[in-house]
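Please read the structure below before turning to the comments.
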Amino acid sequence: NVPVITLNNGVSIPALGLGTWQSKPEDVVNAVEYAIKEAGYRHIDGAWMYGNEKEVGEGIRRSGVPRSEIFITSKLWCTRHHEVEKALDESLASFGTDYLDRKVRAIGVSNFSQKKLEEILPTATIVPAVNQLELHLYNPQADLIDYLRSKQITPQAYSPLGSTNSPLLTDESVTNLAQKYKLQAADILLGYLLKKGIVVLPKSVTPSRISSNITGAVAAVGSLTEEDVAQLDKVAPGGKQKRFIRPPWGVDLGFSDWNA
Ligand code: A2P
């Protein structure tokens, strides 16, 4: 079973969800339906900016699983801070639901550095429940994770596999463990983050991967030892620290310090 994490406001979140960024609208209906109906996913991560919320909503409906059993995330994009309600209503209409699990039931942030959190926390009436970040073997952001823990903010990992054509899948430290435990490299990468209490959001539109990512990640949580996790923690500081996502968001707004 997928671990469940309790957020700082008491809301439960399944620790593994399906990522939908870069999933083509024509692929994502089936991917979401399959993930929920066949593979047992109960958490779908979306955003208005991904341009496929309508199709994600269609997949959720076709799964036949009640809305109340599924954790759905959307994101208010940084270009729309002046029209929160309108943007939210659009996402709700696209998903075909009347509430979200991150926005109404729980509010979080994404791509927030410690510096940005320190700016908002003194005046925030709601401490964000999550901070969604690029997190994986080569970009562990250990100091930021420690800071989030100290503020009861749950870290969520996007691109936990290192995105497309990922070198993480062939990293020796990962393939050795995969061989040892008779699992796949992706399972080790996901299990590693889950063991650290991080919510993982692997993206796939391929049914076999959608299935193996959930079963394999759960198996890896059972197999990986604290020593394995400590060994994997050492990989990135060993010179491989690397982001894969160079996002366009906010650049035209002058947020040149998105990486800070
Ligand atoms: P696809 O969607 O064609 O199955 P991330 O979640 O880190 O952004 O990674 C997503 C990328 O990794 C996509 O290109 C996805 O391809 C691919 N992917 C997803 N699951 C696996 C897996 N188990 N093994 C290898 N590649 C995978």
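Identifiers in the structure tokens: chain A, B, ... in order shown; residue index from 1 per chain; ligand index from 1 in order shown.
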For chain A against ligand 1, with a cut-off of 7 Å and counting only C-alpha atoms and all ligand atoms, what is the closest atom pair and its distance in Å to one decimal for every residue that makes the cut, ordered by chain and number, as JSON lines?
{"residue": "A:Gly19", "atom": "CA", "partner": "ligand 1", "partner_atom_place_in_ligand_line": "6 (O)", "distance": 6.3}
{"residue": "A:Ser23", "atom": "CA", "partner": "ligand 1", "partner_atom_place_in_ligand_line": "2 (O)", "distance": 6.8}
{"residue": "A:Tyr158", "atom": "CA", "partner": "ligand 1", "partner_atom_place_in_ligand_line": "6 (O)", "distance": 6.3}
{"residue": "A:Ser159", "atom": "CA", "partner": "ligand 1", "partner_atom_place_in_ligand_line": "7 (O)", "distance": 3.0}
{"residue": "A:Pro160", "atom": "CA", "partner": "ligand 1", "partner_atom_place_in_ligand_line": "7 (O)", "distance": 4.3}
{"residue": "A:Leu161", "atom": "CA", "partner": "ligand 1", "partner_atom_place_in_ligand_line": "7 (O)", "distance": 3.3}
{"residue": "A:Gly162", "atom": "CA", "partner": "ligand 1", "partner_atom_place_in_ligand_line": "7 (O)", "distance": 4.1}
{"residue": "A:Ser163", "atom": "CA", "partner": "ligand 1", "partner_atom_place_in_ligand_line": "8 (O)", "distance": 3.4}
{"residue": "A:Thr164", "atom": "CA", "partner": "ligand 1", "partner_atom_place_in_ligand_line": "14 (O)", "distance": 3.9}
{"residue": "A:Asn165", "atom": "CA", "partner": "ligand 1", "partner_atom_place_in_ligand_line": "14 (O)", "distance": 6.5}
{"residue": "A:Ala186", "atom": "CA", "partner": "ligand 1", "partner_atom_place_in_ligand_line": "23 (N)", "distance": 4.9}
{"residue": "A:Leu201", "atom": "CA", "partner": "ligand 1", "partner_atom_place_in_ligand_line": "6 (O)", "distance": 6.2}
{"residue": "A:Pro202", "atom": "CA", "partner": "ligand 1", "partner_atom_place_in_ligand_line": "6 (O)", "distance": 3.5}
{"residue": "A:Lys203", "atom": "CA", "partner": "ligand 1", "partner_atom_place_in_ligand_line": "6 (O)", "distance": 3.8}
{"residue": "A:Ser204", "atom": "CA", "partner": "ligand 1", "partner_atom_place_in_ligand_line": "2 (O)", "distance": 3.1}
{"residue": "A:Val205", "atom": "CA", "partner": "ligand 1", "partner_atom_place_in_ligand_line": "2 (O)", "distance": 4.1}
{"residue": "A:Thr206", "atom": "CA", "partner": "ligand 1", "partner_atom_place_in_ligand_line": "4 (O)", "distance": 4.3}
{"residue": "A:Arg209", "atom": "CA", "partner": "ligand 1", "partner_atom_place_in_ligand_line": "23 (N)", "distance": 4.6}
{"residue": "A:Ile210", "atom": "CA", "partner": "ligand 1", "partner_atom_place_in_ligand_line": "20 (N)", "distance": 6.5}
{"residue": "A:Ser212", "atom": "CA", "partner": "ligand 1", "partner_atom_place_in_ligand_line": "23 (N)", "distance": 6.3}
{"residue": "A:Asn213", "atom": "CA", "partner": "ligand 1", "partner_atom_place_in_ligand_line": "23 (N)", "distance": 5.4}
Just N, CA and C atoms for this one: save the residues we selected as an mmCIF file, in the first residue's frame.
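The resulting file, out-v2.cif, is shown below:
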data_model
loop_
_atom_site.group_PDB
_atom_site.id
_atom_site.type_symbol
_atom_site.label_atom_id
_atom_site.label_comp_id
_atom_site.auth_asym_id
_atom_site.auth_seq_id
_atom_site.Cartn_x
_atom_site.Cartn_y
_atom_site.Cartn_z
ATOM 1 N N GLY A 19 2.145 12.353 -11.980
ATOM 2 C CA GLY A 19 2.468 13.647 -12.570
ATOM 3 C C GLY A 19 1.864 13.758 -13.961
ATOM 4 N N SER A 23 2.350 15.633 -20.262
ATOM 5 C CA SER A 23 1.506 14.558 -20.797
ATOM 6 C C SER A 23 0.589 15.188 -21.832
ATOM 7 N N TYR A 158 8.601 16.876 -7.783
ATOM 8 C CA TYR A 158 8.290 16.684 -9.210
ATOM 9 C C TYR A 158 9.559 16.251 -9.924
ATOM 10 N N SER A 159 9.381 15.593 -11.071
ATOM 11 C CA SER A 159 10.513 14.966 -11.792
ATOM 12 C C SER A 159 11.375 14.101 -10.871
ATOM 13 N N PRO A 160 10.745 13.213 -10.093
ATOM 14 C CA PRO A 160 11.515 12.380 -9.158
ATOM 15 C C PRO A 160 12.419 11.378 -9.871
ATOM 16 N N LEU A 161 12.113 11.139 -11.169
ATOM 17 C CA LEU A 161 12.944 10.197 -11.940
ATOM 18 C C LEU A 161 14.006 10.937 -12.757
ATOM 19 N N GLY A 162 14.006 12.273 -12.662
ATOM 20 C CA GLY A 162 14.996 13.034 -13.436
ATOM 21 C C GLY A 162 14.497 13.433 -14.815
ATOM 22 N N SER A 163 13.161 13.400 -14.999
ATOM 23 C CA SER A 163 12.534 13.825 -16.248
ATOM 24 C C SER A 163 12.920 12.924 -17.436
ATOM 25 N N THR A 164 12.776 13.430 -18.651
ATOM 26 C CA THR A 164 12.977 12.577 -19.835
ATOM 27 C C THR A 164 14.450 12.242 -20.071
ATOM 28 N N ASN A 165 14.697 11.077 -20.645
ATOM 29 C CA ASN A 165 16.070 10.594 -20.924
ATOM 30 C C ASN A 165 16.961 10.753 -19.701
ATOM 31 N N ALA A 186 13.839 2.807 -11.541
ATOM 32 C CA ALA A 186 12.818 3.803 -11.176
ATOM 33 C C ALA A 186 12.262 3.521 -9.774
ATOM 34 N N LEU A 201 5.872 12.368 -7.385
ATOM 35 C CA LEU A 201 4.893 12.578 -8.444
ATOM 36 C C LEU A 201 5.449 12.155 -9.801
ATOM 37 N N PRO A 202 5.764 10.852 -9.954
ATOM 38 C CA PRO A 202 6.323 10.417 -11.235
ATOM 39 C C PRO A 202 5.312 10.579 -12.366
ATOM 40 N N LYS A 203 5.778 11.124 -13.479
ATOM 41 C CA LYS A 203 4.924 11.288 -14.657
ATOM 42 C C LYS A 203 5.122 10.101 -15.587
ATOM 43 N N SER A 204 4.039 9.550 -16.073
ATOM 44 C CA SER A 204 4.135 8.589 -17.173
ATOM 45 C C SER A 204 2.797 8.529 -17.883
ATOM 46 N N VAL A 205 2.850 8.281 -19.185
ATOM 47 C CA VAL A 205 1.627 8.004 -19.940
ATOM 48 C C VAL A 205 1.634 6.553 -20.426
ATOM 49 N N THR A 206 2.604 5.774 -19.951
ATOM 50 C CA THR A 206 2.767 4.385 -20.387
ATOM 51 C C THR A 206 2.195 3.443 -19.323
ATOM 52 N N ARG A 209 4.517 1.385 -17.104
ATOM 53 C CA ARG A 209 5.302 2.201 -16.157
ATOM 54 C C ARG A 209 4.428 2.783 -15.055
ATOM 55 N N ILE A 210 3.218 3.190 -15.422
ATOM 56 C CA ILE A 210 2.287 3.717 -14.408
ATOM 57 C C ILE A 210 2.097 2.654 -13.318
ATOM 58 N N SER A 212 4.152 -0.120 -12.718
ATOM 59 C CA SER A 212 5.371 -0.525 -12.010
ATOM 60 C C SER A 212 5.867 0.586 -11.095
ATOM 61 N N ASN A 213 5.593 1.848 -11.441
ATOM 62 C CA ASN A 213 6.046 2.927 -10.562
ATOM 63 C C ASN A 213 5.384 2.854 -9.187
#
Review point. Can you list, as a list in words, every protein, DNA or RNA residue that comes within 8 Å of Ser94 (chain A) when you count only C-alpha atoms, leaving out same-chain residues fewer than 6 positions away?
Key: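 Skipping anything fewer than 6 positions along the chain leaves Glu53, Lys54, Glu55 and Gly57 of chain A.
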task: Report as a VMD selection string: the residues of region 42-138 of chain A with a DSSP assignment of strand (DSSP E), based on the backbone of this structure.
output: chain A and resid 43 to 45 71 to 73 109 to 110 130 to 134
| message | Would you compute the distance between CA of Lys196 (chain A) and CA of Lys182 (chain A)? Give it in Å to one decimal. | response |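 Interatomic distance here is 21.2 Å.
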Applying 10 Å and only C-alpha atoms, which residues near Ala219 (chain A) remain after dropping the ones on its own chain fewer than 3 positions away? List them as a ChimeraX atom specification. /A:1-2,181-183,187-188,191,212-216,222-224
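Each of A:Ser166, A:Ser211, A:Gln241, A:Ser113 was compared to Leu148 (chain A) using only C-alpha atoms, and A:Ser113 turns out to be the nearest.
Look at Val109 (chain A): the protein and nucleic acid residues within 7 Å of it, using only C-alpha atoms and passing over chain neighbours fewer than 6 places away, are A:Pro128, A:Val130, A:Asn131, A:Gln132.
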At a cut-off of 9 Å, using only C-alpha atoms, what residues contact Leu232 (chain A)? Leave out same-chain residues fewer than 6 positions from it and give the result as a PyMOL selection string.
chain A and resi 137+173-174+192
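Relative to CA of Ala217 (chain A), CA of Leu177 (chain A) is found at 13.0 Å.
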Handout entry: Ile36 (chain A) surroundings by only C-alpha atoms, 9 Å radius, close-in-sequence under 2 positions cut, as number ranges by chain
Key = A: 31-34, 38-44, 59-60, 63-65, 70
Check: Neighbours of Gln114 (chain A) within 12 Å (only C-alpha atoms; same-chain residues fewer than 2 positions away dropped), as a ChimeraX atom specification?
Finding: /A:109-112,116-121,131,133,141-151,153,258-260
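Distances here use only C-alpha atoms; by that measure, the residue among A:Gln184, A:Thr20, A:Thr97, A:Thr225 closest to Trp48 (chain A) is A:Thr20.
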Straight-line distance linking CA of Lys75 (chain A) with CA of Leu135 (chain A), stated in Å to one decimal:
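Interatomic distance, CA of Lys75 (chain A) to CA of Leu135 (chain A): 17.9 Å.
If only C-alpha atoms are the atoms counted, then among A:Glu134, A:Ser74, A:Val199, A:Gly96 the closest residue to Arg246 (chain A) is A:Glu134.
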